[in-house]
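Below is target.cif, holding mmCIF, C-alpha atoms.
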data_entry
#
loop_
_atom_site.label_atom_id
_atom_site.label_comp_id
_atom_site.auth_asym_id
_atom_site.auth_seq_id
_atom_site.Cartn_x
_atom_site.Cartn_y
_atom_site.Cartn_z
CA MET N 278 16.48 3.35 -10.35
CA PHE N 279 17.71 0.24 -8.58
CA HIS N 280 19.38 -1.42 -11.52
CA ILE N 281 22.34 -2.40 -9.39
CA LEU N 282 20.08 -4.31 -7.06
CA ASP N 283 18.20 -6.51 -9.47
CA PRO N 284 17.34 -9.27 -9.39
CA TYR N 285 18.84 -10.83 -6.29
CA LEU N 286 19.04 -8.00 -3.80
CA GLY N 287 15.52 -6.66 -4.43
CA PRO N 288 13.79 -9.48 -2.54
CA ALA N 289 16.40 -9.31 0.21
CA PHE N 290 15.70 -5.62 0.73
CA PHE N 291 11.98 -6.28 0.55
CA TRP N 292 12.16 -8.98 3.21
CA SER N 293 14.22 -6.86 5.57
CA PHE N 294 11.84 -3.91 5.18
CA ALA N 295 8.87 -6.23 5.67
CA LEU N 296 10.44 -7.68 8.81
CA ILE N 297 11.13 -4.20 10.21
CA SER N 298 7.60 -3.02 9.48
CA VAL N 299 5.93 -6.05 11.05
CA LEU N 300 8.18 -5.86 14.12
CA CYS N 301 7.48 -2.15 14.53
CA GLY N 302 3.75 -2.77 14.02
CA THR N 303 3.86 -5.34 16.82
CA GLY N 304 5.75 -2.80 18.90
CA LEU N 305 2.93 -0.32 18.34
CA PHE N 306 0.43 -2.99 19.39
CA LEU N 307 2.26 -3.71 22.63
CA ALA N 308 3.52 -0.23 23.47
CA ARG N 309 3.04 0.89 27.05
CA HIS N 310 3.37 4.60 26.44
CA PRO N 311 1.95 6.21 23.29
CA ILE N 312 5.29 7.87 22.57
CA ASN N 313 6.84 4.40 22.18
CA GLY N 314 3.98 3.52 19.86
CA ALA N 315 4.62 6.67 17.84
CA ILE N 316 8.31 5.82 17.42
CA ASN N 317 7.35 2.31 16.30
CA LEU N 318 4.83 3.71 13.82
CA ILE N 319 7.53 5.96 12.36
CA GLY N 320 9.60 2.80 11.88
CA VAL N 321 6.70 1.18 10.00
CA MET N 322 6.30 4.24 7.78
CA LEU N 323 10.01 4.51 6.95
CA SER N 324 10.26 0.85 6.00
CA LEU N 325 7.08 1.14 3.92
CA SER N 326 8.71 4.04 2.11
CA GLY N 327 11.64 1.75 1.28
CA ILE N 328 9.21 -0.83 -0.07
CA TYR N 329 7.52 1.83 -2.24
CA ALA N 330 10.90 2.71 -3.71
CA LEU N 331 11.55 -0.97 -4.45
CA LEU N 332 8.10 -1.20 -6.04
CA ASN N 333 8.88 1.43 -8.65
CA SER N 334 7.12 4.36 -6.94
CA PRO N 335 9.87 6.79 -5.89
CA PHE N 336 7.55 9.79 -5.63
CA LEU N 337 5.25 8.03 -3.18
CA ALA N 338 8.31 6.92 -1.22
CA VAL N 339 9.49 10.51 -0.83
CA LEU N 340 5.96 11.67 0.02
CA GLN N 341 5.63 8.93 2.62
CA VAL N 342 8.71 10.19 4.43
CA LEU N 343 7.81 13.86 4.04
CA VAL N 344 4.13 13.79 4.94
CA TYR N 345 3.59 10.65 6.99
CA ALA N 346 6.82 10.08 8.87
CA GLY N 347 7.59 13.76 8.92
CA ALA N 348 4.53 15.97 9.24
CA ILE N 349 1.80 13.71 10.60
CA MET N 350 3.91 11.81 13.11
CA MET N 351 5.62 15.01 14.21
CA LEU N 352 2.17 16.40 14.98
CA VAL N 353 1.20 13.24 16.89
CA VAL N 354 4.42 13.22 18.94
CA PHE N 355 3.99 16.91 19.66
CA VAL N 356 0.45 16.47 20.95
CA ILE N 357 1.45 13.43 23.04
CA MET N 358 4.12 15.54 24.68
CA VAL N 359 1.69 18.40 25.28
CA LEU N 360 -0.72 16.05 27.06
CA ASN N 361 2.04 14.31 28.96
CA GLN N 362 0.09 12.03 31.25
CA ALA N 363 -0.66 9.48 28.71
CA LYS N 364 0.52 6.21 30.22
CA ASP N 365 -1.90 3.46 29.28
CA HIS N 366 -2.76 1.30 32.23
CA ILE N 367 -4.52 -1.25 30.07
CA ILE N 368 -2.10 -3.40 28.13
CA PRO N 369 -3.79 -5.15 25.19
CA GLN N 370 -7.06 -6.46 26.22
CA PHE N 371 -8.71 -9.23 24.27
CA ASP N 372 -12.35 -10.04 24.16
CA TRP N 373 -14.22 -12.50 21.99
CA PHE N 374 -14.94 -9.88 19.36
CA SER N 375 -11.33 -8.98 18.69
CA LEU N 376 -10.32 -12.64 18.68
CA VAL N 377 -12.75 -13.12 15.79
CA ALA N 378 -12.03 -9.83 14.07
CA LEU N 379 -8.24 -10.06 14.02
CA PRO N 380 -7.75 -13.04 11.71
CA LEU N 381 -10.49 -11.78 9.40
CA PRO N 382 -8.44 -9.17 7.47
CA VAL N 383 -5.62 -11.67 7.01
CA VAL N 384 -7.97 -14.33 5.65
CA LEU N 385 -9.70 -11.79 3.40
CA GLY N 386 -6.32 -10.55 2.20
CA PHE N 387 -5.19 -14.04 1.27
CA ALA N 388 -8.46 -14.71 -0.55
CA MET N 389 -8.23 -11.43 -2.46
CA VAL N 390 -4.60 -12.07 -3.40
CA SER N 391 -5.32 -15.56 -4.67
CA VAL N 392 -8.10 -14.20 -6.86
CA LEU N 393 -6.33 -11.16 -8.22
CA THR N 394 -2.70 -12.12 -8.79
CA LYS N 395 -3.04 -14.80 -11.41
CA GLY N 396 -0.34 -14.46 -14.03
CA PRO N 397 -1.16 -13.57 -17.63
CA THR N 398 -1.50 -17.00 -19.19
CA VAL N 399 -3.31 -17.74 -22.40
CA VAL N 400 -4.85 -21.15 -22.96
CA VAL N 401 -5.76 -22.17 -26.47
CA ALA N 402 -8.71 -24.39 -27.19
CA GLY N 403 -7.63 -27.90 -27.99
CA GLY N 404 -5.25 -28.61 -25.22
CA GLU N 405 -2.43 -27.45 -23.10
CA ALA N 406 0.05 -27.33 -25.95
CA GLY N 407 -0.21 -23.67 -26.80
CA ARG N 408 0.07 -22.13 -23.38
CA ILE N 409 2.47 -19.29 -22.75
CA GLU N 410 3.64 -18.63 -19.25
CA LEU N 411 4.67 -15.08 -18.66
CA PRO N 412 6.60 -14.22 -15.53
CA LYS N 413 4.78 -11.78 -13.30
CA ASP N 414 7.56 -9.26 -13.65
CA ALA N 415 7.25 -9.11 -17.40
CA SER N 416 6.11 -5.52 -17.45
CA ASN N 417 9.06 -4.20 -15.50
CA SER N 418 11.93 -4.96 -17.79
CA LEU N 419 12.85 -4.89 -21.44
CA THR N 420 13.96 -8.50 -21.21
CA VAL N 421 11.09 -10.95 -21.09
CA GLN N 422 11.29 -14.67 -20.64
CA PHE N 423 8.74 -16.75 -22.52
CA ARG N 424 7.95 -20.35 -21.74
CA ALA N 425 5.57 -22.66 -23.52
CA ALA N 426 3.75 -25.57 -21.94
CA ASP N 427 5.13 -28.99 -22.82
CA ALA N 428 3.59 -30.35 -26.02
CA GLY N 429 5.32 -33.68 -26.42
CA ALA N 430 8.73 -34.89 -27.45
CA ASN N 431 8.79 -33.91 -31.11
CA ALA N 432 6.95 -30.61 -30.88
CA VAL N 433 8.38 -27.56 -32.58
CA TYR N 434 7.85 -24.22 -30.88
CA SER N 435 8.20 -21.03 -32.88
CA TRP N 436 7.75 -17.56 -31.49
CA ASP N 437 6.86 -14.27 -33.07
CA PHE N 438 7.51 -11.53 -30.58
CA GLY N 439 5.51 -8.83 -32.34
CA ASP N 440 8.50 -6.64 -33.09
CA GLN N 441 9.54 -8.47 -36.27
CA ASN N 442 11.79 -10.83 -34.37
CA ARG N 443 11.30 -14.57 -34.34
CA SER N 444 12.79 -17.42 -32.45
CA THR N 445 12.32 -21.11 -31.83
CA GLY N 446 12.59 -23.23 -28.75
CA ARG N 447 10.45 -24.07 -25.76
CA GLU N 448 11.99 -21.46 -23.51
CA VAL N 449 13.22 -18.27 -25.08
CA VAL N 450 14.46 -14.98 -23.71
CA HIS N 451 13.86 -11.90 -25.79
CA ARG N 452 15.00 -8.37 -25.25
CA PHE N 453 12.68 -5.75 -26.69
CA ALA N 454 14.34 -2.68 -28.14
CA LYS N 455 11.96 -0.15 -26.66
CA PRO N 456 9.01 -0.03 -24.26
CA GLY N 457 5.54 -0.61 -25.60
CA SER N 458 2.82 -3.21 -25.77
CA TYR N 459 3.66 -6.22 -27.91
CA THR N 460 1.55 -9.13 -29.03
CA ALA N 461 3.62 -12.28 -28.93
CA THR N 462 2.46 -15.34 -30.86
CA LEU N 463 3.47 -18.89 -30.14
CA SER N 464 2.89 -21.57 -32.75
CA VAL N 465 3.24 -25.21 -31.81
CA SER N 466 3.34 -28.04 -34.32
CA ASP N 467 4.00 -31.61 -33.33
CA GLY N 468 4.40 -33.13 -36.77
CA THR N 469 0.71 -33.40 -37.57
CA PRO N 470 -0.76 -30.77 -39.88
CA ALA N 471 -2.73 -29.16 -37.10
CA LEU N 472 -0.82 -26.13 -35.96
CA ARG N 473 -1.84 -24.68 -32.64
CA SER N 474 -1.05 -21.17 -31.65
CA ALA N 475 -1.50 -18.80 -28.75
CA THR N 476 -1.04 -15.10 -28.37
CA VAL N 477 -0.30 -13.00 -25.37
CA THR N 478 0.03 -9.26 -24.97
CA VAL N 479 3.29 -8.30 -23.35
CA PRO N 480 3.48 -4.90 -21.68
CA VAL N 481 7.11 -3.84 -21.84
CA ASN N 482 8.10 -0.83 -19.81
CA ASP N 483 11.40 -0.13 -18.20
CA ALA N 484 10.70 3.42 -17.09
CA VAL N 485 10.47 4.27 -13.42
CA ARG N 486 6.75 4.61 -13.43
CA GLY N 487 5.82 6.46 -10.31
CA GLY N 488 8.07 9.42 -10.97
CA VAL N 489 6.99 12.99 -10.40
CA GLN N 490 6.56 13.68 -14.08
CA ALA N 491 4.35 10.69 -14.77
CA LEU N 492 2.10 11.42 -11.80
CA ALA N 493 1.91 15.12 -12.63
CA ASN N 494 1.05 14.30 -16.23
CA SER N 495 -1.87 12.12 -15.28
CA MET N 496 -3.06 14.62 -12.69
CA PHE N 497 -2.80 17.89 -14.57
CA ASP N 498 -3.03 16.88 -18.22
CA THR N 499 -6.81 17.03 -18.28
CA ARG N 500 -7.02 16.40 -22.01
CA ARG N 501 -5.62 12.93 -21.60
CA SER N 502 -6.88 11.71 -18.25
CA GLY N 503 -10.06 13.73 -17.84
CA PRO N 504 -10.75 16.38 -15.19
CA GLY N 505 -11.35 13.87 -12.38
CA TYR N 506 -7.91 13.91 -10.74
CA TYR N 507 -7.57 17.65 -11.15
CA LEU N 508 -10.91 18.34 -9.43
CA LEU N 509 -10.00 15.86 -6.70
CA PHE N 510 -6.70 17.63 -6.21
CA GLU N 511 -8.43 21.00 -5.76
CA LEU N 512 -10.98 19.38 -3.48
CA ILE N 513 -8.19 17.97 -1.31
CA GLY N 514 -6.70 21.43 -1.08
CA VAL N 515 -10.00 22.84 0.19
CA LEU N 516 -10.34 19.89 2.59
CA LEU N 517 -6.88 20.50 4.07
CA LEU N 518 -7.62 24.18 4.49
CA ALA N 519 -10.91 23.40 6.24
CA ALA N 520 -9.10 20.87 8.44
CA VAL N 521 -6.50 23.40 9.52
CA VAL N 522 -9.12 26.04 10.31
CA GLY N 523 -11.27 23.49 12.12
CA ALA N 524 -8.34 22.25 14.17
CA VAL N 525 -7.33 25.74 15.23
CA VAL N 526 -10.92 26.59 16.18
CA LEU N 527 -11.34 23.34 18.12
CA ALA N 528 -8.06 23.58 19.99
CA LYS N 529 -8.40 27.24 20.92
CA ARG N 530 -12.02 27.15 21.98
CA ASN N 531 -11.58 26.53 25.69
CA LEU N 532 -8.67 28.85 26.28
CA ASP N 533 -10.71 31.78 27.55
CA SER N 534 -13.42 30.00 29.51
CA PRO N 535 -12.18 26.67 30.81
CA GLU N 536 -14.87 24.03 31.02
CA PRO N 537 -15.82 22.86 34.52
CA PRO N 538 -14.13 19.56 35.32
CA ALA N 539 -16.17 16.68 33.99
CA ALA N 540 -17.58 13.81 35.96
CA PRO N 541 -14.97 11.24 37.08
CA ALA N 542 -14.16 8.67 34.47
CA GLU N 543 -16.44 5.67 34.61
CA GLY N 544 -15.75 2.30 33.11
CA HIS N 545 -12.18 1.88 34.27
CA HIS N 546 -10.69 -1.57 34.46
CA MET S 1359 13.06 -5.07 -12.42
CA ASN S 1360 13.62 -6.72 -9.11
CA GLY S 1361 11.92 -9.99 -8.45
CA ILE S 1362 9.60 -9.14 -5.58
CA ASP S 1363 6.62 -11.45 -5.59
CA PRO S 1364 3.45 -9.28 -5.66
CA THR S 1365 1.71 -11.85 -3.49
CA ASN S 1366 4.16 -11.15 -0.69
CA VAL S 1367 3.41 -7.43 -0.91
CA GLN S 1368 -0.30 -8.11 -0.51
CA VAL S 1369 0.30 -10.49 2.39
CA LEU S 1370 2.43 -7.87 4.12
CA ALA S 1371 -0.34 -5.31 3.57
CA ALA S 1372 -2.90 -7.70 5.06
CA VAL S 1373 -0.70 -8.38 8.10
CA LEU S 1374 -0.15 -4.66 8.72
CA PHE S 1375 -3.87 -3.98 8.33
CA ALA S 1376 -4.65 -6.72 10.86
CA LEU S 1377 -2.15 -5.18 13.27
CA GLY S 1378 -3.89 -1.83 12.85
CA VAL S 1379 -7.27 -3.42 13.54
CA ALA S 1380 -5.76 -5.13 16.58
CA VAL S 1381 -4.46 -1.85 17.94
CA VAL S 1382 -7.81 -0.11 17.45
CA LEU S 1383 -9.79 -2.94 19.00
CA THR S 1384 -7.68 -3.73 22.01
CA ARG S 1385 -6.07 -0.47 23.13
CA ARG S 1386 -7.94 2.21 24.99
CA ASN S 1387 -5.52 5.12 24.74
CA VAL S 1388 -6.78 7.75 22.30
CA PHE S 1389 -3.38 8.28 20.72
CA LEU S 1390 -2.92 4.57 20.14
CA LEU S 1391 -6.38 4.42 18.54
CA LEU S 1392 -5.42 7.21 16.12
CA MET S 1393 -2.11 5.52 15.35
CA GLY S 1394 -3.89 2.24 14.69
CA VAL S 1395 -6.03 4.02 12.10
CA GLU S 1396 -2.88 5.47 10.52
CA LEU S 1397 -1.37 1.99 10.36
CA MET S 1398 -4.46 0.69 8.56
CA LEU S 1399 -4.28 3.55 6.05
CA ASN S 1400 -0.62 2.74 5.44
CA ALA S 1401 -1.44 -0.91 4.82
CA VAL S 1402 -4.08 0.06 2.27
CA ASN S 1403 -1.59 2.35 0.52
CA LEU S 1404 0.90 -0.51 0.33
CA SER S 1405 -1.77 -2.71 -1.20
CA PHE S 1406 -2.55 -0.07 -3.85
CA VAL S 1407 1.12 0.34 -4.74
CA GLY S 1408 1.60 -3.42 -4.92
CA PHE S 1409 -1.29 -3.80 -7.33
CA SER S 1410 -0.30 -0.76 -9.38
CA ARG S 1411 3.01 -2.43 -10.15
CA GLU S 1412 1.17 -5.32 -11.78
CA LEU S 1413 -0.59 -3.06 -14.26
CA SER S 1414 1.13 -1.62 -17.27
CA GLY S 1415 1.66 1.89 -18.57
CA ASN S 1416 -0.91 4.50 -17.67
CA GLU S 1417 -3.07 2.10 -15.71
CA SER S 1418 -0.30 1.66 -13.16
CA LEU S 1419 -0.58 5.35 -12.33
CA TRP S 1420 -4.19 4.92 -11.25
CA GLY S 1421 -2.96 2.79 -8.39
CA GLN S 1422 -0.44 5.45 -7.39
CA MET S 1423 -2.87 8.37 -7.48
CA THR S 1424 -5.09 6.86 -4.79
CA PRO S 1425 -2.31 6.62 -2.15
CA LEU S 1426 -1.45 10.23 -2.95
CA PHE S 1427 -4.96 11.34 -2.02
CA ILE S 1428 -5.11 8.95 0.94
CA ILE S 1429 -1.96 10.54 2.35
CA ALA S 1430 -3.50 14.01 1.98
CA ILE S 1431 -6.73 12.91 3.65
CA ALA S 1432 -4.77 11.22 6.44
CA ALA S 1433 -3.02 14.51 7.10
CA ALA S 1434 -6.39 16.27 7.41
CA GLU S 1435 -7.71 13.49 9.63
CA ALA S 1436 -4.71 13.60 11.97
CA CYS S 1437 -5.00 17.38 12.19
CA VAL S 1438 -8.67 17.45 13.13
CA GLY S 1439 -8.47 14.30 15.25
CA LEU S 1440 -5.64 15.59 17.40
CA ALA S 1441 -7.39 18.93 17.84
CA MET S 1442 -10.47 17.07 19.05
CA VAL S 1443 -8.34 15.00 21.42
CA ILE S 1444 -6.82 18.16 22.90
CA CYS S 1445 -10.29 19.69 23.20
CA ILE S 1446 -11.80 16.66 24.95
CA VAL S 1447 -8.86 15.77 27.16
CA ARG S 1448 -8.53 19.29 28.48
CA GLY S 1449 -11.86 19.00 30.30
CA ARG S 1450 -11.53 15.41 31.52
CA ASP S 1451 -7.94 14.81 32.47
CA THR S 1452 -7.80 11.30 31.03
CA LEU S 1453 -6.83 9.71 27.73
CA ASP S 1454 -8.87 6.55 28.22
CA SER S 1455 -11.34 6.39 25.35
CA ASP S 1456 -13.81 4.46 27.53
CA ALA S 1457 -14.12 7.62 29.60
CA PHE S 1458 -15.50 9.40 26.55
CA ALA S 1459 -18.35 6.93 26.18
CA ASP S 1460 -20.86 9.41 27.60
CA MET S 1461 -20.51 11.54 24.47
CA LYS S 1462 -23.09 9.35 22.79
CA GLU S 1463 -25.77 10.53 25.16
#
As structure tokens, how would this structure be written, given the file I've shared?
Amino acid sequence: MFHILDPYLGPAFFWSFALISVLCGTGLFLARHPINGAINLIGVMLSLSGIYALLNSPFLAVLQVLVYAGAIMMLVVFVIMVLNQAKDHIIPQFDWFSLVALPLPVVLGFAMVSVLTKGPTVVVAGGEAGRIELPKDASNSLTVQFRAADAGANAVYSWDFGDQNRSTGREVVHRFAKPGSYTATLSVSDGTPALRSATVTVPVNDAVRGGVQALANSMFDTRRSGPGYYLLFELIGVLLLAAVVGAVVLAKRNLDSPEPPAAPAEGHH
Amino acid sequence: MNGIDPTNVQVLAAVLFALGVAVVLTRRNVFLLLMGVELMLNAVNLSFVGFSRELSGNESLWGQMTPLFIIAIAAAEACVGLAMVICIVRGRDTLDSDAFADMKE
């Protein structure tokens, strides 16, 4: 989808979208009037949609614009304008609880990321010599770069890519002919009879993966992916219907017999 | 495809989630509370998409199904939530969520 952009412009686009989304998020945090906050939130959602497109999920990107930035935020803006007295007299207000609770998600996020995003490396018993380092992007392109750990000056590295192609050298670049899952084998010999080897499974896939067809296949093809998604889909439909009916009932309830005015607001700062 | 570091995606998701928590905890306007929740949901979606890119083949679709359903549920939540806001605000003439504290009694 974005073949023109790789590999240099992708990160640039990602960073600009990330900057926009964080700035707009801060704008939402500091907004005086909720309508300003809503505009800022739309900015966050649009830039997130750009990031989804960069992350190989075009269908989610379109859905983000249609449903989130379009439908949901339109509803929010509409209701803000209906109840047009919404100026917030309390600009962000910190207490000890929020000062503790704010850094917590960031710290948890960093911890989770450091646990979960380790690259696919294979270490062979007997030393570092047979280690293959796969780049994290290996699964997103037909061209994969393999690198072996250093095994001394006179080591000989030979690769078997799993598609009947072989190569030698410490760093090799191989282009697979078609997508699939390949088992690459690295054999290292440094002159002594002992030959060390390591294998790694390389997922090779250059398709745009979050397309409509792929998502629809895994949702509606119940023979392959089980009935779970399909049932969930129907359940969501029922939920949305119930939400619409509930919202109409709630919002129309007081039209005929207006409630007596409530007690004056307590707890104002 | 394009060399975006998946760690950066997760860090961005964590930052956006923290901003959403900040909005919910420190603002008192009902609309801003709802929008803070939406921001948190968006951050979680981004995290799912970022992780789904690291999986291969069919597994990567699992991580894209969940945001799909989260978006649908967020639509339902916004719908009902805003109807409740209209319903409550109509009788009280204020949008300060502290003023609704007597609902727990």
Evaluate the PyMOL selection byres ((chain S and resi 1398-1403) around 9) on the structure here and hand back the selected residues as a VMD selection string.
-> (chain N and resid 321 to 322 325) or (chain S and resid 1370 to 1379 1393 to 1397 1404 to 1408 1422 1424 to 1426 1428 to 1429 1432)
Could those residues be written to a file, using C-alpha atoms, as a CSV table (one decimal), in the frame of the given file?
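Full text of again-v7.csv as output:
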chain,number,residue,atom,x,y,z
N,321,VAL,CA,6.7,1.2,10.0
N,322,MET,CA,6.3,4.2,7.8
N,325,LEU,CA,7.1,1.1,3.9
S,1370,LEU,CA,2.4,-7.9,4.1
S,1371,ALA,CA,-0.3,-5.3,3.6
S,1372,ALA,CA,-2.9,-7.7,5.1
S,1373,VAL,CA,-0.7,-8.4,8.1
S,1374,LEU,CA,-0.2,-4.7,8.7
S,1375,PHE,CA,-3.9,-4.0,8.3
S,1376,ALA,CA,-4.6,-6.7,10.9
S,1377,LEU,CA,-2.2,-5.2,13.3
S,1378,GLY,CA,-3.9,-1.8,12.8
S,1379,VAL,CA,-7.3,-3.4,13.5
S,1393,MET,CA,-2.1,5.5,15.4
S,1394,GLY,CA,-3.9,2.2,14.7
S,1395,VAL,CA,-6.0,4.0,12.1
S,1396,GLU,CA,-2.9,5.5,10.5
S,1397,LEU,CA,-1.4,2.0,10.4
S,1404,LEU,CA,0.9,-0.5,0.3
S,1405,SER,CA,-1.8,-2.7,-1.2
S,1406,PHE,CA,-2.6,-0.1,-3.8
S,1407,VAL,CA,1.1,0.3,-4.7
S,1408,GLY,CA,1.6,-3.4,-4.9
S,1422,GLN,CA,-0.4,5.4,-7.4
S,1424,THR,CA,-5.1,6.9,-4.8
S,1425,PRO,CA,-2.3,6.6,-2.2
S,1426,LEU,CA,-1.4,10.2,-3.0
S,1428,ILE,CA,-5.1,9.0,0.9
S,1429,ILE,CA,-2.0,10.5,2.4
S,1432,ALA,CA,-4.8,11.2,6.4
Shell around Ala519 in chain N at 12 Å using all atoms listed in the file, local window under 3 positions removed, as a compact mmCIF listing (two decimals) with C-alpha atoms, in the coordinates of the input:
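Result went into part_20.txt, see below:
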# COMPACT_ATOMS: atom_id res chain seq x y z
CA LEU N 512 -10.98 19.38 -3.48
CA ILE N 513 -8.19 17.97 -1.31
CA GLY N 514 -6.70 21.43 -1.08
CA VAL N 515 -10.00 22.84 0.19
CA LEU N 516 -10.34 19.89 2.59
CA VAL N 522 -9.12 26.04 10.31
CA GLY N 523 -11.27 23.49 12.12
CA ALA N 524 -8.34 22.25 14.17
CA VAL N 525 -7.33 25.74 15.23
CA VAL N 526 -10.92 26.59 16.18
CA LEU N 527 -11.34 23.34 18.12
CA ILE S 1431 -6.73 12.91 3.65
CA ALA S 1433 -3.02 14.51 7.10
CA ALA S 1434 -6.39 16.27 7.41
CA GLU S 1435 -7.71 13.49 9.63
CA CYS S 1437 -5.00 17.38 12.19
CA VAL S 1438 -8.67 17.45 13.13
Distance CA of Ala308 in chain N-CA of Gln1368 in chain S, one decimal place?
->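 Atom-to-atom, CA of Ala308 in chain N to CA of Gln1368 in chain S, that is 25.5 Å.
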Residue with the minimum atom-to-atom distance to Val1382 in chain S, picked from S:Ala1430, S:Ser1455, S:Ala1436, S:Pro1364 with all atoms listed in the file counted, is S:Ser1455
List the residues matched by the PyMOL selection byres ((chain N and resi 436) around 7) in the displayed structure as a list in words, ordered by chain and then by residue number.
-> Tyr434, Ser435, Asp437, Phe438, Arg443, Ser444, Thr445, Thr462, Leu463 and Ser464 of chain N
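Our summary of the geometry notes that CA of Phe453 in chain N is positioned 24.5 Å from CA of Pro288 in chain N.
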Run the PyMOL selection byres ((chain S and resi 1445-1448) around 9) on the file and write out the hits as an MDAnalysis selection string.
-> (chainID N and resid 360 527:531 535:536 538) or (chainID S and resid 1440:1444 1449:1453 1458)
Could you please determine the separation between CA of Asp440 in chain N and CA of Ala461 in chain N in Å, to one decimal place?
-> 8.5 Å
Out of S:Leu1419, S:Arg1386, S:Val1367, S:Phe1427, which residue has the shortest atom-to-atom distance to Tyr329 in chain N when counting only C-alpha atoms?
->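 Closest to Tyr329 in chain N, using only C-alpha atoms: S:Val1367.
Restricting the calculation to only C-alpha atoms, the smallest distance between chain S and any of N:Ala338, N:Arg309, N:Ile349, N:Val449 is found for N:Ile349.
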